[in-house]
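Structure first, commentary second.
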Amino acid sequence: MNIYITTQGARIIQEGRHLLVKKGEDTYHTIFVEKIRQLILFGNVSLTPSARNILFNHKVDTVFCRRDGRYVGRFANPAPKNVFLRKRQFMLLDDDGFAVNFCRSIVKGKLNNMVTLLMRISRTRQNKQPRQRAKEIRSLYPKLAIADNINSIRGYEGRGSASYFAGFQCGLLNPLDFCRRVRRPPTDPVNAVLSLLYTFLFNRVYAAIRINNIDPHPAFLHVPDYGRFSLVMDLMEEFRVIVVDTLTLSLFNLKILQKDDFIIERPSNKTAVRHEKTNDPDVTADRYGLLANPDCTETFDLPPQRMADSPEEEEMEKQAGKLPVKLKPKAFARVIENFERKLTTEFHYLPEDRKITLNDALISQAGMYRKLVEGAIKEYQPLTLR
């Protein structure tokens, strides 16, 4: 179980073996620490020392984010104790063959997922632009197959992502000023939701890695750096389209999120008008966000991703001069709720020949990477959208 605390001014205190989320004299929630894997705190939420100790004792992954969802940090639980596995992870950083093969697999999986979604958008919207963008991405496949260094692979991923987001907007019934991916800061509602959901996904992949007792730092596609969880960023690439992008389409196309749910953050804006929407449609009923045919029975499957941000793109974003767009509090809560629902989506997972949820797939894919490091398997197979 994963718990999100978004109430500003809340404090988490100990009461016996449990934790209480309080504001003033009111109790908002009781947390049974033995039942949770992750606690995510947003903005002005405080922990008493005794509550902190309980979280440490139960090894609960406790994550701190800004009020807008931007990742800040987390409590460091004990590092993996398998020193030989960790040694193997770091030794592989100098194995160029291993690095290139792994990065090629990750990027191929990500590009495949992009093509699949773009083709679905093209068919459903009867729009040729997404199909053309998908063709541009497919043209990278032969080059990716013979790439012999990671920088080239990163370059193909970057080109694929640029083509992808140029076509992604066609899947939105109302683009709401979205025309390209903007991260710092997100300057339109769609980018605001993408950034928030990518943060949520980052935290869940981190938890999946720690569950498998892998060190989250050493990786290949994203350059290892001081304090950077590079492996988390590597392993989340294959899930971006599958989890975040399709959920974003659902949230906007099903009108769970609308223009009134966002606010432009100006220096003088201290508060936001709250907007509440009830009886939301079920985002899990159509995993493609109104892009599936009524009789569609296709599922996710497994065949046999960006790394460092582009300096030029960052400079373009800084020079754009646009103010950041953020979700209002109740809309923020709806995004959290639907993200958790999305991760309960079940599909047939071929490596284990059984139905599992997307949440379980995060853990299983991290376990597959561990097997790759240990030499138990020869190739990493990313999850792909069908």
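Labels used: A, B, ... for chains in the order of the structure tokens, numbers from 1 for residues in each chain, and numbers from 1 for ligands as shown.
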Fewer than 2 positions away in the same chain doesn't count, so skip those; otherwise give me all residues within 12 Å of Asn57 in chain A, counting only C-alpha atoms, as a PyMOL selection string. chain A and resi 17+33-34+50-55+59-62+75-78
Can you pull out every residue from range 20-118 of chain A that DSSP, working from the backbone, puts in helix (DSSP H, G or I), and format the result as a ChimeraX atom specification? /A:33-35,49-57,83-94,96-118
Straight-line distance linking CA of Glu346 in chain A with CA of Phe200 in chain A, stated in Å to one decimal: 19.1 Å
Selected residue of minimal separation from Val243 in chain A among A:Ser105, A:Gln126, A:Asn213, A:Thr357, counting only C-alpha atoms: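 Among the listed residues, A:Thr357 lies closest to Val243 in chain A.
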Point-to-point distance from CA of Thr116 in chain A to CA of Thr384 in chain A, Å rounded to tenths: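 Rounded to one decimal, the two atoms are 8.8 Å apart.
For the set A:Asn44, A:Leu93, A:Thr248, A:Glu340, the residue with the smallest atom-to-atom gap to Pro224 in chain A is A:Leu93, counting only C-alpha atoms.
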Exercise: Asn212 in chain A partners within 10 Å, only C-alpha atoms, chain neighbours under 4 positions left out, as a CSV table (one decimal) with N, CA and C atoms, in the first residue's frame:
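Generated file (part_26.csv):
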chain,number,residue,atom,x,y,z
A,80,PRO,N,21.2,-2.1,0.4
A,80,PRO,CA,21.2,-3.5,0.2
A,80,PRO,C,22.5,-4.2,0.8
A,207,ALA,N,11.1,2.2,-5.4
A,207,ALA,CA,10.7,1.2,-4.4
A,207,ALA,C,10.8,-0.2,-5.0
A,208,ALA,N,10.5,-0.4,-6.3
A,208,ALA,CA,10.7,-1.7,-6.9
A,208,ALA,C,12.1,-2.2,-6.9
A,363,ILE,N,8.0,-4.3,-10.2
A,363,ILE,CA,8.8,-5.1,-9.3
A,363,ILE,C,9.4,-6.3,-10.1
A,364,SER,N,8.6,-6.9,-11.0
A,364,SER,CA,9.2,-8.0,-11.8
A,364,SER,C,10.2,-7.6,-12.7
A,365,GLN,N,10.1,-6.4,-13.4
A,365,GLN,CA,11.1,-5.9,-14.3
A,365,GLN,C,12.4,-5.6,-13.6
A,366,ALA,N,12.3,-5.0,-12.4
A,366,ALA,CA,13.5,-4.7,-11.6
A,366,ALA,C,14.2,-6.1,-11.2
A,367,GLY,N,13.3,-7.1,-11.0
A,367,GLY,CA,13.9,-8.4,-10.7
A,367,GLY,C,14.6,-9.0,-11.9
A,368,MET,N,14.0,-8.7,-13.1
A,368,MET,CA,14.6,-9.2,-14.3
A,368,MET,C,16.0,-8.5,-14.5
A,369,TYR,N,16.1,-7.2,-14.2
A,369,TYR,CA,17.4,-6.6,-14.3
A,369,TYR,C,18.4,-7.2,-13.3
A,370,ARG,N,18.0,-7.5,-12.1
A,370,ARG,CA,18.9,-8.2,-11.2
A,370,ARG,C,19.4,-9.5,-11.8
Residues at most 12 Å from Lys128 in chain A, counting only C-alpha atoms, excluding those fewer than 6 positions away in the same chain, as a list in words?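 So the residues in contact are Leu118, Met119, Arg120, Ile121, Ser122, Ala134, Lys135, Gly167, Cys170 and Gly171 of chain A.
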Would you mind listing what lies within 8 Å of Gly43 in chain A as a VMD selection string, with only C-alpha atoms counted and same-chain residues fewer than 6 positions away left out? chain A and resid 6 8 64 to 68
Selection near Arg86 in chain A, 12 Å with only C-alpha atoms, sequence-local residues under 2 positions removed, as a ChimeraX atom specification: /A:79-84,88-93,212-219,370,373-374
Between CA of Asn174 in chain A and CA of Lys259 in chain A - distance in Å to one decimal: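 Pair CA of Lys259 in chain A / CA of Asn174 in chain A returns 9.5 Å.
With only C-alpha atoms as the atoms that count, the residue of A:Lys371, A:Lys22, A:Arg104, A:Lys328 with the shortest distance to Phe262 in chain A is A:Lys328.
With distances restricted to only C-alpha atoms, A:Ile40 is the closest residue to Gly73 in chain A from A:Met236, A:Val115, A:Leu358, A:Ile40.
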For range 184-195 of chain A, work out the shell of residues within 7 Å, counting only C-alpha atoms and skipping chain neighbours fewer than 5 positions away, then give it as a PyMOL selection string. chain A and resi 176-178+244+248+262+317+322-326
With only C-alpha atoms as the basis for distance, which of A:Leu197, A:Cys179, A:Ala331, A:Leu85 is at the shortest distance from Leu257 in chain A?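 Between A:Leu197, A:Cys179, A:Ala331, A:Leu85, the residue approaching Leu257 in chain A most closely is A:Ala331.
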